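Chemist: Here it is, the structure, as structure tokens.
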Amino acid sequence: MKVLYSLVFLCIISVTLCRSQATDTTFYSVVMSGAIQGKLKSWHEATNDYHYIYYYNDRGRGPNVRSIVKTSKDGLITSSLTTGINYNKNPYSETFEVIGDSAVENINGSRTTRNFNNGWYQSGMIPALYELQINWLLRQKDKKGVTIANDSIRLEEADLKTVSYKGKQLPLKLFAIHAANEPMPQYIWLTKDLRYFATVFPSFSIIEEGFETLADTLVMLQEQAGQAYNTQQMRRFATVVPSRLWITHASVFESANASVKKNMTVEVINGKITAIFPSAEKRTVKADSIIDAKGKFLMPGLWDMHTHYYKDRGLWYLAGGVTHVREMGNANIVLLYKKQIAANQLLGPDISYTSGLIDRKGPFQAPAGKIVSSLNEAIHAVQDYYRLGYKQIKLYSSINPEWVKPICAEAHKLGMRVGGHIPAFMKAEKAVKEGYNELTHMNFLFLNFLEDTLDTRTPVRFSAVGERAGALDLRSEPVQSFIRLLKEKAVAVDPTMNLQSGRFRDFKGDTSGMMKSIANWLPATLRNDLSIKVAVSREDKKDLYRSTFQNMMKMVKLLYDNGIPLNAGTDGGNAIALHHELELYVKAGIPAKEVLKIATYNAAKHCGLENTFGTIGIGRAADFILVDGNPAQNISDIRRVEWVIKNGKLYRPKQLFASEGWKYYY
């Protein structure tokens with residue numbers, strides 16, 4: 001019903017967009033994977049009075065809002081009203097108003113009042129507001145200002161770019177906005193006369209109508225513009241590891257067997273582990289440098305096995321001890337990031353395994369990857385990914401179920417694995433029998449026990465599970481038979497429990513589960529208002545949804561008890577999300593030391609890299625983290641990372657967090 005309502009709303013908006021407009025009306029296209037999936041309309045009705053309509057379709061989700069913004073004479077936003085539907089198709093209302101010396105914000109009934117400091121208010125819903133922000137910052141001294149939450153923002157001098165488009169030269173200005181708590185600048189394109197032109201990302205862009213095919217060119221120009229910043233970040237945060245390094249008095253986690261050896265010394269020469277021995281053993285010191293671990297926990301770097309990687313996450317991953325990620329579907333620009341990180345030209349974890357996403361063209365197609373119209377195109381997509389060096393194919397929800405078996409056969413012929421979403425109108429059991437090596441997202445496991453007539457291209461893949469899966473008896477024969485099938489076929493599961501927690505357990509007024517443990521690390525402006533204002537799922541169904549989450553937790557333990565490999569991933573989160581993922585596994589009943597094994601040795605083994613990474617062993621790469629605590633006993637200690645070594649560089653999380661205004665545990 002929600003999808004039907006949203007489609008009706010889109011029709012109404014489309015009619016509105018076609019009516020007579022003011023002379024300054026500008027239209028923009030929302031482009032996802034090369035397809036136009038929505039629109040943005042911007043116009044004036046009076047001086048300092050701005051109007052917007054914004055919507056797009058992302059697999060049946062996506063916002064649909066109208067906004068009115070008023071500014072003062074100097075361009076500062078003094079009031080705004082945004083109403084409509086948010087990304088998850090729930091009613092949305094956001095107001096902001098300056099009343100006397102107060103700035104008052106109200107989002108779906110959650111009211112926040114601050115002292116008004118002549119700061120900037122930026123609605124998160126309307127991208128075209130960057131035009132107003134840039135023009136306001138241009139009027140400020142040194143192009144610097146603060147937000148209403150008192151966070152600093154500054155604007156870099158515009159970089160004028162002349163782009164060739166359809167035989168004409170198009171002058172554009174590329175601005176970089178630096179905001180507190182953001183590790184990288186936000187790039188915005190304006191016209192020469194300072195009107196909003198575009199915001200572009202590798203798989204998602206908002207760009208002036210008629211210029212849609214220019215988005216990829218602008219992305220690459222942004223990448224070039226950001227190279228100097230990337231170099232600066234590496235110089236600031238990465239310290240060269242000495243050629244000969246000893247780490248003494250460490251409690252070493254032996255990830256292959258999930259055990260700990262205390263008071264050990266690890267010798268590293270030219271980035272490789274060359275010796276491991278008891279620190280009490282007398283040996284001649286030949287090290288250039290010695291780090292006394294003082295009994296702290298030395299373990300391999302963590303792996304996030306489900307990310308859609310963007311380079312602004314690199315700092316956060318390293319701060320949390322994540323040294324490797326598995327990419328699960330993105331634009332091919334991720335191959336550039338992979339190369340830059342490996343060469344120490346870009347801050348971030350190694351992108352150690354890449355999955356090529358394939359989906360069928362249609363109204364609910366994936367927002368990234370290769371979008372195909374036939375089985376023949378899908379087979380060619382598999383071959384293209386293989387030539388580019390991808391190791392796995394990820395199928396998505398709109399794939400024709402009849403294509404699964406031949407796609408899997410082609411991938412297996414090339415030595416590639418297959419996993420991902422279960423296509424609509426198909427059950428996980430059939431997908432496994434036809435060649436899936438891995439199942440992604442816990443909700444798809446539960447959908448296996450509902451009818452196969454559900455159109456799971458849409459958000460029904462969440463709602464049906466949320467409302468009904470809590471009643472599923474995990475001891476029943478259908479469930480037990482399915483578990484036996486997974487074991488027989490050696491199928492892995494990527495449950496993304498942190499994601500399930502946010503959808504099925506957290507509701508309005510709650511604090512996000514992954515943020516509770518580190519609330520005191522946050523800058524004061526973020527710490528003061530952590531409660532969820534708009535829940536992802538329906539408030540009137542939250543008892544059912546929470547029951548489903550508890551059954552999902554039981555399923556995690558059931559999978560583990562039956563020897564089903566688990567891949568710990570966040571679905572595009574960061575280290576904070578991964579830490580919570582691991583905490584949830586322990587709460588489900590898996591011993592903490594085994595959870596650490598899942599996130600290190602097992603991950604490397606799944607990716608075929610256990611002979612290089614995932615263990616602290618002689619001949620392996622020096623790729624490890626020092627933790628102030630014992631996460632093998634208390635998994636939450638995994639958040640207390642003191643330093644990280646990877647690719648011959650040492651990083652200090654305290655410094656990384658402090659650069660974004662965050663605190664840390666010491």
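Each chain in the structure tokens gets a letter, A, B, ..., in the order shown, and its residues are numbered from 1; ligands are numbered from 1 in order too.
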Which residues are close to range 489-498 of chain A, i.e. within 6 Å by only C-alpha atoms, leaving aside same-chain residues fewer than 5 positions away? Reply as an MDAnalysis selection string.

Modeler: chainID A and resid 437:442 565:567 569:570 581

Chemist: Residues near Ile407 in chain A, anyone? I mean within 8 Å using only C-alpha atoms, not counting same-chain ones fewer than 4 positions away, as a PDB file with N, CA, C and O atoms, in the first residue's frame.

Modeler:
ATOM      1  N   LEU A 375      19.372 -12.263 -20.314  1.00  0.00           N
ATOM      2  CA  LEU A 375      20.325 -13.221 -19.773  1.00  0.00           C
ATOM      3  C   LEU A 375      21.664 -13.099 -20.488  1.00  0.00           C
ATOM      4  O   LEU A 375      22.727 -13.181 -19.860  1.00  0.00           O
ATOM      5  N   ALA A 378      23.530 -10.386 -19.018  1.00  0.00           N
ATOM      6  CA  ALA A 378      23.987 -10.761 -17.678  1.00  0.00           C
ATOM      7  C   ALA A 378      25.246 -11.617 -17.755  1.00  0.00           C
ATOM      8  O   ALA A 378      26.191 -11.431 -16.972  1.00  0.00           O
ATOM      9  N   ILE A 379      25.291 -12.560 -18.699  1.00  0.00           N
ATOM     10  CA  ILE A 379      26.475 -13.399 -18.872  1.00  0.00           C
ATOM     11  C   ILE A 379      27.677 -12.552 -19.272  1.00  0.00           C
ATOM     12  O   ILE A 379      28.794 -12.730 -18.755  1.00  0.00           O
ATOM     13  N   VAL A 382      29.040 -10.779 -16.233  1.00  0.00           N
ATOM     14  CA  VAL A 382      29.908 -11.658 -15.445  1.00  0.00           C
ATOM     15  C   VAL A 382      31.311 -11.681 -16.044  1.00  0.00           C
ATOM     16  O   VAL A 382      32.324 -11.536 -15.337  1.00  0.00           O
ATOM     17  N   TRP A 403      17.271 -16.878 -14.640  1.00  0.00           N
ATOM     18  CA  TRP A 403      18.652 -16.563 -15.031  1.00  0.00           C
ATOM     19  C   TRP A 403      19.675 -17.045 -14.008  1.00  0.00           C
ATOM     20  O   TRP A 403      20.875 -17.080 -14.296  1.00  0.00           O
ATOM     21  N   ALA A 411      29.765 -17.924 -13.751  1.00  0.00           N
ATOM     22  CA  ALA A 411      30.666 -17.402 -12.720  1.00  0.00           C
ATOM     23  C   ALA A 411      31.560 -18.513 -12.176  1.00  0.00           C
ATOM     24  O   ALA A 411      32.778 -18.335 -12.024  1.00  0.00           O
TER      25      ALA A 411
END

Chemist: Which of range 355-570 of chain A counts as strand (DSSP E) under DSSP, as an MDAnalysis selection string please?

Modeler: chainID A and resid 355:360 370:372 392:395 417:420 438:440 492:494

Chemist: Considering only C-alpha atoms, return as an mmCIF file with N, CA and C atoms, in the first residue's frame whatever protein or nucleic-acid residues lie within 12 Å of Asp561 in chain A, sequence-local ones (same chain, fewer than 2 positions apart) excluded.

Modeler:
data_model
loop_
_atom_site.group_PDB
_atom_site.id
_atom_site.type_symbol
_atom_site.label_atom_id
_atom_site.label_comp_id
_atom_site.auth_asym_id
_atom_site.auth_seq_id
_atom_site.Cartn_x
_atom_site.Cartn_y
_atom_site.Cartn_z
ATOM 1 N N ILE A 483 18.796 -25.437 7.000
ATOM 2 C CA ILE A 483 20.122 -25.360 7.615
ATOM 3 C C ILE A 483 21.000 -26.514 7.111
ATOM 4 N N ARG A 484 20.405 -27.687 7.002
ATOM 5 C CA ARG A 484 21.179 -28.836 6.494
ATOM 6 C C ARG A 484 21.626 -28.591 5.060
ATOM 7 N N LYS A 487 24.590 -26.259 5.020
ATOM 8 C CA LYS A 487 25.808 -26.955 5.451
ATOM 9 C C LYS A 487 26.319 -27.877 4.358
ATOM 10 N N LYS A 554 18.440 -15.404 17.311
ATOM 11 C CA LYS A 554 18.456 -16.852 17.528
ATOM 12 C C LYS A 554 18.953 -17.582 16.276
ATOM 13 N N MET A 555 18.585 -17.056 15.115
ATOM 14 C CA MET A 555 19.035 -17.664 13.864
ATOM 15 C C MET A 555 20.553 -17.543 13.709
ATOM 16 N N VAL A 556 21.122 -16.416 14.115
ATOM 17 C CA VAL A 556 22.581 -16.254 14.069
ATOM 18 C C VAL A 556 23.258 -17.377 14.849
ATOM 19 N N LYS A 557 22.769 -17.626 16.050
ATOM 20 C CA LYS A 557 23.358 -18.690 16.889
ATOM 21 C C LYS A 557 23.114 -20.059 16.264
ATOM 22 N N LEU A 558 21.943 -20.270 15.701
ATOM 23 C CA LEU A 558 21.637 -21.544 15.062
ATOM 24 C C LEU A 558 22.590 -21.809 13.898
ATOM 25 N N LEU A 559 22.846 -20.790 13.093
ATOM 26 C CA LEU A 559 23.788 -20.929 11.981
ATOM 27 C C LEU A 559 25.175 -21.268 12.494
ATOM 28 N N GLY A 563 27.722 -24.819 12.093
ATOM 29 C CA GLY A 563 28.926 -24.705 11.280
ATOM 30 C C GLY A 563 28.759 -23.921 9.992
ATOM 31 N N ILE A 564 27.714 -23.097 9.898
ATOM 32 C CA ILE A 564 27.520 -22.270 8.708
ATOM 33 C C ILE A 564 28.451 -21.061 8.804
ATOM 34 N N PRO A 565 29.335 -20.831 7.833
ATOM 35 C CA PRO A 565 30.249 -19.677 7.910
ATOM 36 C C PRO A 565 29.487 -18.359 7.939
ATOM 37 N N LEU A 566 29.869 -17.481 8.855
ATOM 38 C CA LEU A 566 29.287 -16.148 8.963
ATOM 39 C C LEU A 566 30.294 -15.118 8.484
ATOM 40 N N ALA A 588 24.074 -12.849 20.718
ATOM 41 C CA ALA A 588 23.329 -13.988 20.179
ATOM 42 C C ALA A 588 23.808 -15.306 20.784
ATOM 43 N N GLY A 589 24.985 -15.288 21.419
ATOM 44 C CA GLY A 589 25.469 -16.488 22.089
ATOM 45 C C GLY A 589 26.767 -17.052 21.561
ATOM 46 N N ILE A 590 27.417 -16.383 20.606
ATOM 47 C CA ILE A 590 28.697 -16.859 20.078
ATOM 48 C C ILE A 590 29.816 -16.345 20.993
ATOM 49 N N PRO A 591 30.745 -17.185 21.428
ATOM 50 C CA PRO A 591 31.839 -16.713 22.286
ATOM 51 C C PRO A 591 32.632 -15.581 21.628
ATOM 52 N N GLU A 594 35.534 -16.422 19.367
ATOM 53 C CA GLU A 594 35.120 -16.965 18.068
ATOM 54 C C GLU A 594 34.624 -15.862 17.140
#

Chemist: Quick one: residues within 9 Å of Ala198 in chain A, only C-alpha atoms, excluding same-chain residues fewer than 2 positions away - as a PyMOL selection string?

Modeler: chain A and resi 28+127-128+188-190+196+200+205-208+215+218

Chemist: Calculated over only C-alpha atoms, which of the candidates A:Ala158, A:Val404, A:Ala409, A:Val586 has the smallest distance to Ala424 in chain A?

Modeler: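 Ranked by minimum distance to Ala424 in chain A, first place goes to A:Val404.
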
Chemist: Neighbours of Lys70 in chain A within 6 Å (only C-alpha atoms; same-chain residues fewer than 3 positions away dropped), as a PDB file with C-alpha atoms, in the first residue's frame?

Modeler:
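Printed below is result-v7.pdb as written:
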ATOM      1  CA  ASN A  48      14.724  35.632  -0.472  1.00  0.00           C
ATOM      2  CA  ASP A  49      11.912  33.091  -0.884  1.00  0.00           C
ATOM      3  CA  ILE A  77      18.309  30.885   6.344  1.00  0.00           C
ATOM      4  CA  THR A  78      15.777  32.193   8.844  1.00  0.00           C
ATOM      5  CA  SER A  79      12.968  29.698   8.290  1.00  0.00           C
TER       6      SER A  79
END

Chemist: My list of candidates is A:Gly75, A:Gly320, A:Gly329, A:Gly314. Which is closest to Ser33 in chain A when distances are computed with only C-alpha atoms?

Modeler: A:Gly329

Chemist: Nearest to Ala103 in chain A among A:Asn150, A:Asn135, A:Gly124, A:Ala604, with distances taken over only C-alpha atoms: which residue is it?

Modeler: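 Ranking A:Asn150, A:Asn135, A:Gly124, A:Ala604 by distance to Ala103 in chain A, first place goes to A:Asn150.
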
Chemist: Can you tell me which residues surround Lys39 in chain A at a distance of at most 12 Å, considering only C-alpha atoms, apart from same-chain residues fewer than 5 positions away, and format the answer as a PyMOL selection string?

Modeler: chain A and resi 10+13-14+16-18+26-32+52-57+62-66+126-128+205-209+212

Chemist: Here is a test: counting only C-alpha atoms, which residue of A:Asp292, A:Asp452, A:Asp24, A:Asp216 is nearest to Val163 in chain A?

Modeler: A:Asp216
